[in-house]
Structures are given as C-alpha cells and as structure tokens.
Amino acid sequence: MAKAYDLSGATYGSYADGDTSDLFRFSGTHGYADHHVWACVMAKLSEIRLSRATRLSVLDAGCGPGTWLKRLVVTAKEMGFIEISARGFDVSAEQIQRARVNCRDLSSLPGIRLEFSVGDLTEALPEADESIDLTLCLYSVLSHIAPADLPLVARELGRVTRGCLITTVRPVGSMPSALVASIDEVRRLLHDQQRNWCEVELADGCLTAFSFHLFSTDEMSSLFEGMFDIEVIEGLDFFHGRFAADPRWNPKGHDLPHALARELAKLEKSFAANREYSDHANHLLLIGRKLAHASRSDQRQRQPKLTLHSVSR
Ligand SMILES: C[S@@+](CC[C@H](N)C(=O)[O-])C[C@H]1O[C@@H](n2cnc3c(N)ncnc32)[C@H](O)[C@@H]1O
C-alpha cells in the first residue's frame, strides 16, 4: 500500500482534492461527495463546540496529503476552539511528507498541536482509550485493509474514539476507480473483486498493484455496530460522477448548468435516504457515535487475556 501511494506522490492529491488554493472549493472529481462529507464534519464540530467545549482532539487515520485535517483545524480555530490537538497518520511516508508541507503554516499557531506520522492502521494506535472527539477515516482507507483485519481495525478506531467517527469507503456497485490517480490517467485497470486486488498501469507506463476491497452497506454497518451508534449510513454520488469534469466525456469548460445541478442534488438526496440503493453509489458514508458502554465491554473482553497471560508465565 505504502509503495502505491508513495509512487503516486502529488498525483494523488491533485486527483483527490483538485485545486486546494481555496480549501473549501472542493474542485476535485469527487467534489459533490467532498461537499457533503465536509458538511457532516462541520456539523460534528459545531455540536462539540455548542457543548461549550474549547478543547478538541482529532485523529485522521490514513490522512493522505493532509487536506482534510487542514480544513478541519482551520475551521475549528475559527469556531473558537482554543486547544486543538490533531494527528494524521498514513502508511505512505511520501503522503505524510506532503501533509507536513501542506500544513506547515498551521503547526506554529498558538493552541494548535498538529502532527503527522507514518503509521499503519492494522497495528495498535498510540492514542489512549476514548481520547479522540472526532475520528476521520476518509475515502477508501478501509478499502485497503484486508477483510480479515477489518474487525480489529474497527475495534481499535472504536477504542480511541470518545465522540464520533466519520468514514467513507467505496461500495460494491461504485464506478471503477484506480484510487491512486484519476481514472483518465490510467491506461489499464484490473480490479478483481473476488481477490480484493487491483492492478493499475498509468498513462506514463508506471505499474502499481494494491489490495482494494469494495463494501456492501450491510458489511459496513455490521463492522461498526456494537461499538458505535450508527447515525448515518448512506450512499453519496449516484449521479454526479457522470457529470464530473472528465476529459473522456465532459471536456473542460462544460460546467454543469445550475438548474441541472439543483435537480441532481434533489435526486441524490432522495436516493441517499434509501438504504436499498446505497450499494450503487460511488461512496458509502458512515457516521457513528461512540456507544457509552462499548469501551467498557471491550475492556472486559481484553482483561481475561491479560490474566491468562500472567498465569501462563
Ligand atoms: C484513497 S487515499 C485517502 C487519503 C485521505 N484520507 C483522503 O481522503 O484524501 C487512501 C489512503 O489510505 C492510506 N492507507 C492505506 N492502507 C493504510 C494502512 N494500513 N494504514 C494507514 N494508512 C493506509 C494510503 O496510503 C492512502 O493515503
């Protein structure tokens, strides 16, 4: 995984985030979904702030080039949080290096502790139990985890979170994606869903391969049930992908007419509300609120292991 995103370098950021000179323009290919995800992040930040909290702790698991954490920290500061502690980690050292550069202006601001580190989501996280107000794991980070490891990863995300988790993955019926780069920069794409394996040959001849699992809505919700109260599980972008700027069928300058955009937004809303359709969206969004008893019961499960261990020694 690390190699794939190391190799992708700046290509991933420009594909995923578009022009970031305005952080909140959401000009990437997935602009519609980005807008919606951002509205959800904002709603959670407001909720925390309205509870009169002035401290905020955030974790971005698989943060890529750090754009989401940058948006979040800038906004949290504007909302009046006076102590913000944020950590982004990613298995790709190249993406972490980009995140550090992208966010270098923020780290020195008073009250902000922003850190990026190389780390693997399949290993134990360094965060203490229930230390994080808002955990992000956005855009297919979980799709790169081997299905056998997903329950442990979900439990670990649940362990460190005391507030909410916002995550998105690719559902089983989504459009083809090369993940590391825009699909129009791809010469050949092979995604074997049985083996959760994706091979990509980029237009410049570069070859890369990585694990890539597509989720059903049921699979995604059962992964986090018991740990989180699932407030939202919905499909994002049933239609907008068709109209996204893509030189293969929508040449530059052919922006979506406003009236059509309005109608599409209405359609997206009605489809998103229907769980039967969410497997066919381009993204699947899950928002979970940590259940009060979840960590305690998890601890109970872990304790016997410790006892057995000390007895056997
Ligand atoms: C499609 S990108 C999403 C990046 C970022 N979350 C965003 O929304 O732009 C997926 C990211 O997951 C990271 N990743 C994959 N497997 C990981 C793992 N086991 N631990 C940490 N990061 C991982 C990749 O390196 C890549 O940066």
# chains A, B, ... in the order shown; residues from 1 in each chain; ligands from 1

$ residues_near_ligand --ligand "ligand 1" --cutoff "7 Å" --atoms "only C-alpha atoms and all ligand atoms" --output "PyMOL selection string"
chain A and resi 1-2+5+13+16+61-68+89-92+95+119-122+137-141+144-145+179-180

$ select_by_dssp --residues "segment 42-126 of chain A" --states "strand (DSSP E or B)" --output "ChimeraX atom specification"
/A:55-61,83-90,112-118

$ write_last_selection --atoms "N, CA and C atoms" --output "JSON list (two decimals), in the first residue's frame"
[["chain", "number", "residue", "atom", "x", "y", "z"],
["A", 55, "ARG", "N", -11.68, 22.58, 23.96],
["A", 55, "ARG", "CA", -10.58, 21.70, 23.55],
["A", 55, "ARG", "C", -11.13, 20.69, 22.56],
["A", 56, "LEU", "N", -10.29, 20.34, 21.60],
["A", 56, "LEU", "CA", -10.73, 19.40, 20.58],
["A", 56, "LEU", "C", -9.59, 18.44, 20.26],
["A", 57, "SER", "N", -9.90, 17.16, 20.19],
["A", 57, "SER", "CA", -8.87, 16.21, 19.74],
["A", 57, "SER", "C", -9.39, 15.45, 18.53],
["A", 58, "VAL", "N", -8.53, 15.38, 17.52],
["A", 58, "VAL", "CA", -8.94, 14.79, 16.24],
["A", 58, "VAL", "C", -7.88, 13.80, 15.77],
["A", 59, "LEU", "N", -8.35, 12.73, 15.16],
["A", 59, "LEU", "CA", -7.43, 11.75, 14.55],
["A", 59, "LEU", "C", -7.88, 11.52, 13.12],
["A", 60, "ASP", "N", -6.94, 11.59, 12.17],
["A", 60, "ASP", "CA", -7.27, 11.27, 10.78],
["A", 60, "ASP", "C", -6.45, 10.05, 10.38],
["A", 61, "ALA", "N", -7.15, 8.92, 10.31],
["A", 61, "ALA", "CA", -6.49, 7.64, 10.01],
["A", 61, "ALA", "C", -6.39, 7.45, 8.50],
["A", 83, "GLU", "N", -7.80, 24.99, 22.18],
["A", 83, "GLU", "CA", -6.75, 23.96, 22.25],
["A", 83, "GLU", "C", -7.13, 22.85, 21.28],
["A", 84, "ILE", "N", -6.38, 22.74, 20.22],
["A", 84, "ILE", "CA", -6.71, 21.72, 19.20],
["A", 84, "ILE", "C", -5.53, 20.77, 19.07],
["A", 85, "SER", "N", -5.83, 19.51, 19.31],
["A", 85, "SER", "CA", -4.78, 18.52, 19.17],
["A", 85, "SER", "C", -5.18, 17.57, 18.04],
["A", 86, "ALA", "N", -4.39, 17.54, 16.98],
["A", 86, "ALA", "CA", -4.77, 16.75, 15.80],
["A", 86, "ALA", "C", -3.59, 15.91, 15.33],
["A", 87, "ARG", "N", -3.89, 14.64, 15.03],
["A", 87, "ARG", "CA", -2.84, 13.79, 14.46],
["A", 87, "ARG", "C", -3.37, 13.11, 13.21],
["A", 88, "GLY", "N", -2.58, 13.19, 12.15],
["A", 88, "GLY", "CA", -2.88, 12.44, 10.94],
["A", 88, "GLY", "C", -1.80, 11.40, 10.77],
["A", 89, "PHE", "N", -2.19, 10.20, 10.37],
["A", 89, "PHE", "CA", -1.14, 9.21, 10.06],
["A", 89, "PHE", "C", -1.50, 8.47, 8.79],
["A", 90, "ASP", "N", -0.48, 7.96, 8.16],
["A", 90, "ASP", "CA", -0.67, 7.24, 6.89],
["A", 90, "ASP", "C", 0.50, 6.27, 6.73],
["A", 112, "ILE", "N", -2.51, 25.18, 18.77],
["A", 112, "ILE", "CA", -2.67, 24.06, 17.82],
["A", 112, "ILE", "C", -1.49, 23.10, 17.93],
["A", 113, "ARG", "N", -1.81, 21.84, 18.18],
["A", 113, "ARG", "CA", -0.78, 20.79, 18.12],
["A", 113, "ARG", "C", -1.16, 19.86, 16.98],
["A", 114, "LEU", "N", -0.49, 20.05, 15.86],
["A", 114, "LEU", "CA", -0.83, 19.27, 14.66],
["A", 114, "LEU", "C", 0.39, 18.43, 14.28],
["A", 115, "GLU", "N", 0.14, 17.14, 14.18],
["A", 115, "GLU", "CA", 1.27, 16.22, 13.98],
["A", 115, "GLU", "C", 0.91, 15.22, 12.88],
["A", 116, "PHE", "N", 1.88, 14.92, 12.04],
["A", 116, "PHE", "CA", 1.67, 13.88, 11.03],
["A", 116, "PHE", "C", 2.72, 12.80, 11.22],
["A", 117, "SER", "N", 2.29, 11.55, 11.20],
["A", 117, "SER", "CA", 3.29, 10.49, 11.35],
["A", 117, "SER", "C", 2.98, 9.31, 10.43],
["A", 118, "VAL", "N", 4.03, 8.57, 10.14],
["A", 118, "VAL", "CA", 3.86, 7.35, 9.35],
["A", 118, "VAL", "C", 3.34, 6.28, 10.30]]

$ closest_residue --among "A:Gln194, A:Gln97, A:Ser222, A:Ser211" --to "Pro151 of chain A" --atoms "only C-alpha atoms"
A:Ser222

$ closest_atom_pairs --of "segment 156-222 of chain A" --to "segment 267-283 of chain A" --cutoff "8 Å" --atoms "only C-alpha atoms" --output "CSV"
residue,atom,partner,partner_atom,distance
A:Thr168,CA,A:His283,CA,6.4
A:Val169,CA,A:His283,CA,5.7
A:Arg170,CA,A:His283,CA,4.8
A:Pro171,CA,A:Asp279,CA,5.2
A:Val172,CA,A:Asp279,CA,5.7
A:Gly173,CA,A:His280,CA,4.2
A:Ser174,CA,A:Asn282,CA,4.3
A:Met175,CA,A:Asn282,CA,6.1
A:Phe215,CA,A:Asp279,CA,7.9
A:Ser216,CA,A:Asp279,CA,5.7
A:Thr217,CA,A:Asp279,CA,5.9

$ closest_residue --among "A:Ala154, A:Thr20, A:Ser143, A:Leu223" --to "Trp197 of chain A" --atoms "only C-alpha atoms"
A:Ser143

$ select_by_dssp --residues "segment 7-240 of chain A" --states "alpha helix (DSSP H)" --output "JSON, numbers by chain"
{"A": [7, 8, 10, 11, 12, 13, 14, 15, 16, 17, 31, 32, 33, 34, 35, 36, 37, 38, 39, 40, 41, 42, 43, 44, 45, 46, 47, 48, 49, 50, 67, 68, 69, 70, 71, 72, 73, 74, 75, 76, 77, 78, 79, 93, 94, 95, 96, 97, 98, 99, 100, 101, 102, 104, 105, 106, 107, 150, 151, 152, 153, 154, 155, 156, 157, 158, 159, 160, 217, 218, 219, 220, 221, 222, 223, 224, 240]}

$ closest_residue --among "A:Asp255, A:Glu47, A:Asp229, A:Glu263" --to "Ser27 of chain A" --atoms "only C-alpha atoms"
A:Asp255

$ atom_distance --atom1 "atom CA of Met227 of chain A" --atom2 "atom CA of Leu291 of chain A"
5.8 Å

$ closest_residue --among "A:Asp149, A:Ala99, A:Ser182, A:Ser177" --to "Ala245 of chain A" --atoms "only C-alpha atoms"
A:Ser182

$ atom_distance --atom1 "atom CA of Cys103 of chain A" --atom2 "atom CA of Ala128 of chain A"
24.5 Å

$ closest_residue --among "A:Gly241, A:Gly9, A:Arg248, A:Val153" --to "Val186 of chain A" --atoms "only C-alpha atoms"
A:Arg248

$ closest_residue --among "A:Ile287, A:Leu7, A:Cys164, A:Leu106" --to "Val200 of chain A" --atoms "only C-alpha atoms"
A:Leu7

$ atom_distance --atom1 "atom CA of Ala244 of chain A" --atom2 "atom CA of His30 of chain A"
7.7 Å

$ residues_around --residues "Ala76 of chain A" --least-positions-apart "2" --cutoff "9 Å" --atoms "only C-alpha atoms" --output "PyMOL selection string"
chain A and resi 42+45-46+49+56+71-74+78-82+84

$ write_last_selection --atoms "N, CA and C atoms" --output "PDB file, in the first residue's frame"
ATOM      1  N   MET A  42     -18.404  19.521   9.619  1.00  0.00           N
ATOM      2  CA  MET A  42     -18.753  20.821  10.227  1.00  0.00           C
ATOM      3  C   MET A  42     -19.845  20.650  11.282  1.00  0.00           C
ATOM      4  N   LEU A  45     -18.337  19.276  14.378  1.00  0.00           N
ATOM      5  CA  LEU A  45     -17.531  20.288  15.084  1.00  0.00           C
ATOM      6  C   LEU A  45     -18.444  21.260  15.821  1.00  0.00           C
ATOM      7  N   SER A  46     -19.521  21.695  15.152  1.00  0.00           N
ATOM      8  CA  SER A  46     -20.449  22.650  15.780  1.00  0.00           C
ATOM      9  C   SER A  46     -21.081  22.029  17.018  1.00  0.00           C
ATOM     10  N   ARG A  49     -18.630  22.119  19.774  1.00  0.00           N
ATOM     11  CA  ARG A  49     -18.408  23.497  20.237  1.00  0.00           C
ATOM     12  C   ARG A  49     -19.617  23.994  21.031  1.00  0.00           C
ATOM     13  N   LEU A  56     -10.292  20.344  21.604  1.00  0.00           N
ATOM     14  CA  LEU A  56     -10.729  19.395  20.579  1.00  0.00           C
ATOM     15  C   LEU A  56      -9.586  18.444  20.264  1.00  0.00           C
ATOM     16  N   ARG A  71      -8.332  21.416   6.571  1.00  0.00           N
ATOM     17  CA  ARG A  71      -9.663  22.065   6.569  1.00  0.00           C
ATOM     18  C   ARG A  71     -10.233  22.083   7.981  1.00  0.00           C
ATOM     19  N   LEU A  72     -10.113  20.941   8.631  1.00  0.00           N
ATOM     20  CA  LEU A  72     -10.729  20.795   9.952  1.00  0.00           C
ATOM     21  C   LEU A  72     -10.083  21.723  10.988  1.00  0.00           C
ATOM     22  N   VAL A  73      -8.753  21.761  10.992  1.00  0.00           N
ATOM     23  CA  VAL A  73      -8.060  22.560  12.007  1.00  0.00           C
ATOM     24  C   VAL A  73      -8.327  24.057  11.780  1.00  0.00           C
ATOM     25  N   VAL A  74      -8.277  24.491  10.511  1.00  0.00           N
ATOM     26  CA  VAL A  74      -8.558  25.901  10.185  1.00  0.00           C
ATOM     27  C   VAL A  74      -9.960  26.269  10.689  1.00  0.00           C
ATOM     28  N   GLU A  78     -11.416  28.780  13.811  1.00  0.00           N
ATOM     29  CA  GLU A  78     -12.396  29.861  13.581  1.00  0.00           C
ATOM     30  C   GLU A  78     -13.631  29.708  14.467  1.00  0.00           C
ATOM     31  N   MET A  79     -13.957  28.468  14.788  1.00  0.00           N
ATOM     32  CA  MET A  79     -15.140  28.225  15.628  1.00  0.00           C
ATOM     33  C   MET A  79     -14.890  28.559  17.089  1.00  0.00           C
ATOM     34  N   GLY A  80     -13.645  28.797  17.447  1.00  0.00           N
ATOM     35  CA  GLY A  80     -13.350  29.218  18.818  1.00  0.00           C
ATOM     36  C   GLY A  80     -12.773  28.136  19.713  1.00  0.00           C
ATOM     37  N   PHE A  81     -12.394  27.003  19.134  1.00  0.00           N
ATOM     38  CA  PHE A  81     -11.661  26.021  19.959  1.00  0.00           C
ATOM     39  C   PHE A  81     -10.296  26.644  20.277  1.00  0.00           C
ATOM     40  N   ILE A  82      -9.887  26.593  21.528  1.00  0.00           N
ATOM     41  CA  ILE A  82      -8.611  27.243  21.832  1.00  0.00           C
ATOM     42  C   ILE A  82      -7.455  26.250  21.999  1.00  0.00           C
ATOM     43  N   ILE A  84      -6.378  22.744  20.215  1.00  0.00           N
ATOM     44  CA  ILE A  84      -6.708  21.725  19.200  1.00  0.00           C
ATOM     45  C   ILE A  84      -5.529  20.768  19.074  1.00  0.00           C
TER      46      ILE A  84
END

$ decode --residues "segment 120-170 of chain A" --atoms "N, CA and C atoms" --output "tab-separated table (two decimals), in the first residue's frame"
chain	number	residue	atom	x	y	z
A	120	ASP	N	0.56	2.52	10.61
A	120	ASP	CA	-0.25	1.50	9.93
A	120	ASP	C	-1.51	1.24	10.75
A	121	LEU	N	-2.63	1.41	10.10
A	121	LEU	CA	-3.92	1.25	10.77
A	121	LEU	C	-4.17	-0.19	11.24
A	122	THR	N	-3.42	-1.13	10.71
A	122	THR	CA	-3.63	-2.52	11.15
A	122	THR	C	-2.85	-2.82	12.44
A	123	GLU	N	-2.12	-1.81	12.92
A	123	GLU	CA	-1.40	-2.01	14.19
A	123	GLU	C	-2.08	-1.21	15.29
A	124	ALA	N	-1.72	-1.49	16.55
A	124	ALA	CA	-2.34	-0.77	17.67
A	124	ALA	C	-2.03	0.72	17.56
A	125	LEU	N	-3.04	1.55	17.82
A	125	LEU	CA	-2.83	3.01	17.74
A	125	LEU	C	-2.23	3.51	19.06
A	126	PRO	N	-1.40	4.54	18.99
A	126	PRO	CA	-0.78	5.04	20.24
A	126	PRO	C	-1.74	5.84	21.11
A	127	GLU	N	-2.89	6.24	20.59
A	127	GLU	CA	-3.84	7.07	21.35
A	127	GLU	C	-4.42	6.27	22.53
A	128	ALA	N	-4.69	6.99	23.61
A	128	ALA	CA	-5.31	6.36	24.79
A	128	ALA	C	-6.77	6.04	24.50
A	129	ASP	N	-7.35	5.17	25.32
A	129	ASP	CA	-8.78	4.83	25.20
A	129	ASP	C	-9.60	6.11	25.27
A	130	GLU	N	-10.59	6.23	24.40
A	130	GLU	CA	-11.57	7.32	24.42
A	130	GLU	C	-10.92	8.70	24.56
A	131	SER	N	-9.89	8.93	23.77
A	131	SER	CA	-9.19	10.22	23.86
A	131	SER	C	-9.53	11.15	22.69
A	132	ILE	N	-10.27	10.66	21.72
A	132	ILE	CA	-10.48	11.44	20.49
A	132	ILE	C	-11.95	11.87	20.34
A	133	ASP	N	-12.15	13.17	20.12
A	133	ASP	CA	-13.52	13.67	19.93
A	133	ASP	C	-14.06	13.31	18.55
A	134	LEU	N	-13.19	13.42	17.55
A	134	LEU	CA	-13.66	13.17	16.19
A	134	LEU	C	-12.59	12.39	15.43
A	135	THR	N	-12.96	11.20	14.98
A	135	THR	CA	-12.03	10.37	14.21
A	135	THR	C	-12.49	10.34	12.75
A	136	LEU	N	-11.56	10.62	11.85
A	136	LEU	CA	-11.85	10.54	10.42
A	136	LEU	C	-11.10	9.36	9.81
A	137	CYS	N	-11.73	8.73	8.86
A	137	CYS	CA	-11.04	7.67	8.10
A	137	CYS	C	-11.69	7.71	6.72
A	138	LEU	N	-11.18	8.63	5.88
A	138	LEU	CA	-11.95	9.01	4.69
A	138	LEU	C	-11.40	8.45	3.39
A	139	TYR	N	-12.32	8.19	2.50
A	139	TYR	CA	-12.02	7.82	1.13
A	139	TYR	C	-11.15	6.57	1.01
A	140	SER	N	-11.79	5.48	1.34
A	140	SER	CA	-11.28	4.16	0.97
A	140	SER	C	-10.04	3.69	1.71
A	141	VAL	N	-9.69	4.35	2.81
A	141	VAL	CA	-8.58	3.82	3.61
A	141	VAL	C	-8.95	2.39	4.02
A	142	LEU	N	-10.20	2.22	4.47
A	142	LEU	CA	-10.62	0.88	4.92
A	142	LEU	C	-10.69	-0.11	3.76
A	143	SER	N	-10.87	0.40	2.54
A	143	SER	CA	-10.91	-0.49	1.38
A	143	SER	C	-9.55	-1.13	1.12
A	144	HIS	N	-8.50	-0.54	1.70
A	144	HIS	CA	-7.16	-1.08	1.51
A	144	HIS	C	-6.77	-2.09	2.60
A	145	ILE	N	-7.65	-2.27	3.57
A	145	ILE	CA	-7.34	-3.20	4.66
A	145	ILE	C	-7.87	-4.59	4.28
A	146	ALA	N	-7.08	-5.62	4.53
A	146	ALA	CA	-7.54	-6.97	4.22
A	146	ALA	C	-8.81	-7.25	5.03
A	147	PRO	N	-9.86	-7.81	4.41
A	147	PRO	CA	-11.11	-8.04	5.13
A	147	PRO	C	-10.93	-8.75	6.48
A	148	ALA	N	-9.96	-9.68	6.55
A	148	ALA	CA	-9.76	-10.41	7.81
A	148	ALA	C	-9.31	-9.47	8.93
A	149	ASP	N	-8.66	-8.37	8.57
A	149	ASP	CA	-8.15	-7.43	9.59
A	149	ASP	C	-9.18	-6.36	9.97
A	150	LEU	N	-10.27	-6.27	9.20
A	150	LEU	CA	-11.20	-5.15	9.42
A	150	LEU	C	-11.83	-5.11	10.82
A	151	PRO	N	-12.27	-6.26	11.37
A	151	PRO	CA	-12.88	-6.19	12.71
A	151	PRO	C	-11.92	-5.61	13.76
A	152	LEU	N	-10.66	-6.00	13.68
A	152	LEU	CA	-9.67	-5.47	14.65
A	152	LEU	C	-9.46	-3.97	14.46
A	153	VAL	N	-9.39	-3.57	13.19
A	153	VAL	CA	-9.19	-2.15	12.87
A	153	VAL	C	-10.39	-1.34	13.39
A	154	ALA	N	-11.61	-1.85	13.14
A	154	ALA	CA	-12.81	-1.15	13.60
A	154	ALA	C	-12.80	-1.03	15.13
A	155	ARG	N	-12.39	-2.10	15.79
A	155	ARG	CA	-12.36	-2.09	17.26
A	155	ARG	C	-11.35	-1.06	17.78
A	156	GLU	N	-10.22	-0.97	17.08
A	156	GLU	CA	-9.18	-0.03	17.50
A	156	GLU	C	-9.65	1.42	17.29
A	157	LEU	N	-10.33	1.66	16.17
A	157	LEU	CA	-10.88	3.01	15.94
A	157	LEU	C	-11.91	3.32	17.02
A	158	GLY	N	-12.69	2.32	17.39
A	158	GLY	CA	-13.69	2.49	18.45
A	158	GLY	C	-13.04	2.71	19.81
A	159	ARG	N	-11.97	2.02	20.05
A	159	ARG	CA	-11.31	2.15	21.36
A	159	ARG	C	-10.83	3.58	21.61
A	160	VAL	N	-10.22	4.19	20.59
A	160	VAL	CA	-9.62	5.51	20.82
A	160	VAL	C	-10.64	6.66	20.75
A	161	THR	N	-11.80	6.38	20.14
A	161	THR	CA	-12.79	7.45	19.93
A	161	THR	C	-13.71	7.58	21.15
A	162	ARG	N	-13.95	8.83	21.59
A	162	ARG	CA	-14.97	9.01	22.62
A	162	ARG	C	-16.19	9.73	22.04
A	163	GLY	N	-15.98	10.39	20.89
A	163	GLY	CA	-17.07	11.14	20.26
A	163	GLY	C	-17.61	10.41	19.05
A	164	CYS	N	-17.20	10.88	17.88
A	164	CYS	CA	-17.77	10.34	16.64
A	164	CYS	C	-16.70	9.88	15.65
A	165	LEU	N	-17.14	9.00	14.79
A	165	LEU	CA	-16.31	8.52	13.68
A	165	LEU	C	-17.01	8.88	12.38
A	166	ILE	N	-16.25	9.45	11.45
A	166	ILE	CA	-16.80	9.68	10.11
A	166	ILE	C	-15.89	8.94	9.13
A	167	THR	N	-16.49	8.05	8.35
A	167	THR	CA	-15.68	7.27	7.42
A	167	THR	C	-16.41	7.08	6.09
A	168	THR	N	-15.65	6.99	5.02
A	168	THR	CA	-16.26	6.66	3.73
A	168	THR	C	-15.44	5.55	3.07
A	169	VAL	N	-16.16	4.71	2.33
A	169	VAL	CA	-15.49	3.65	1.55
A	169	VAL	C	-16.17	3.59	0.18
A	170	ARG	N	-15.63	2.76	-0.68
A	170	ARG	CA	-16.26	2.51	-1.98
A	170	ARG	C	-17.22	1.33	-1.86
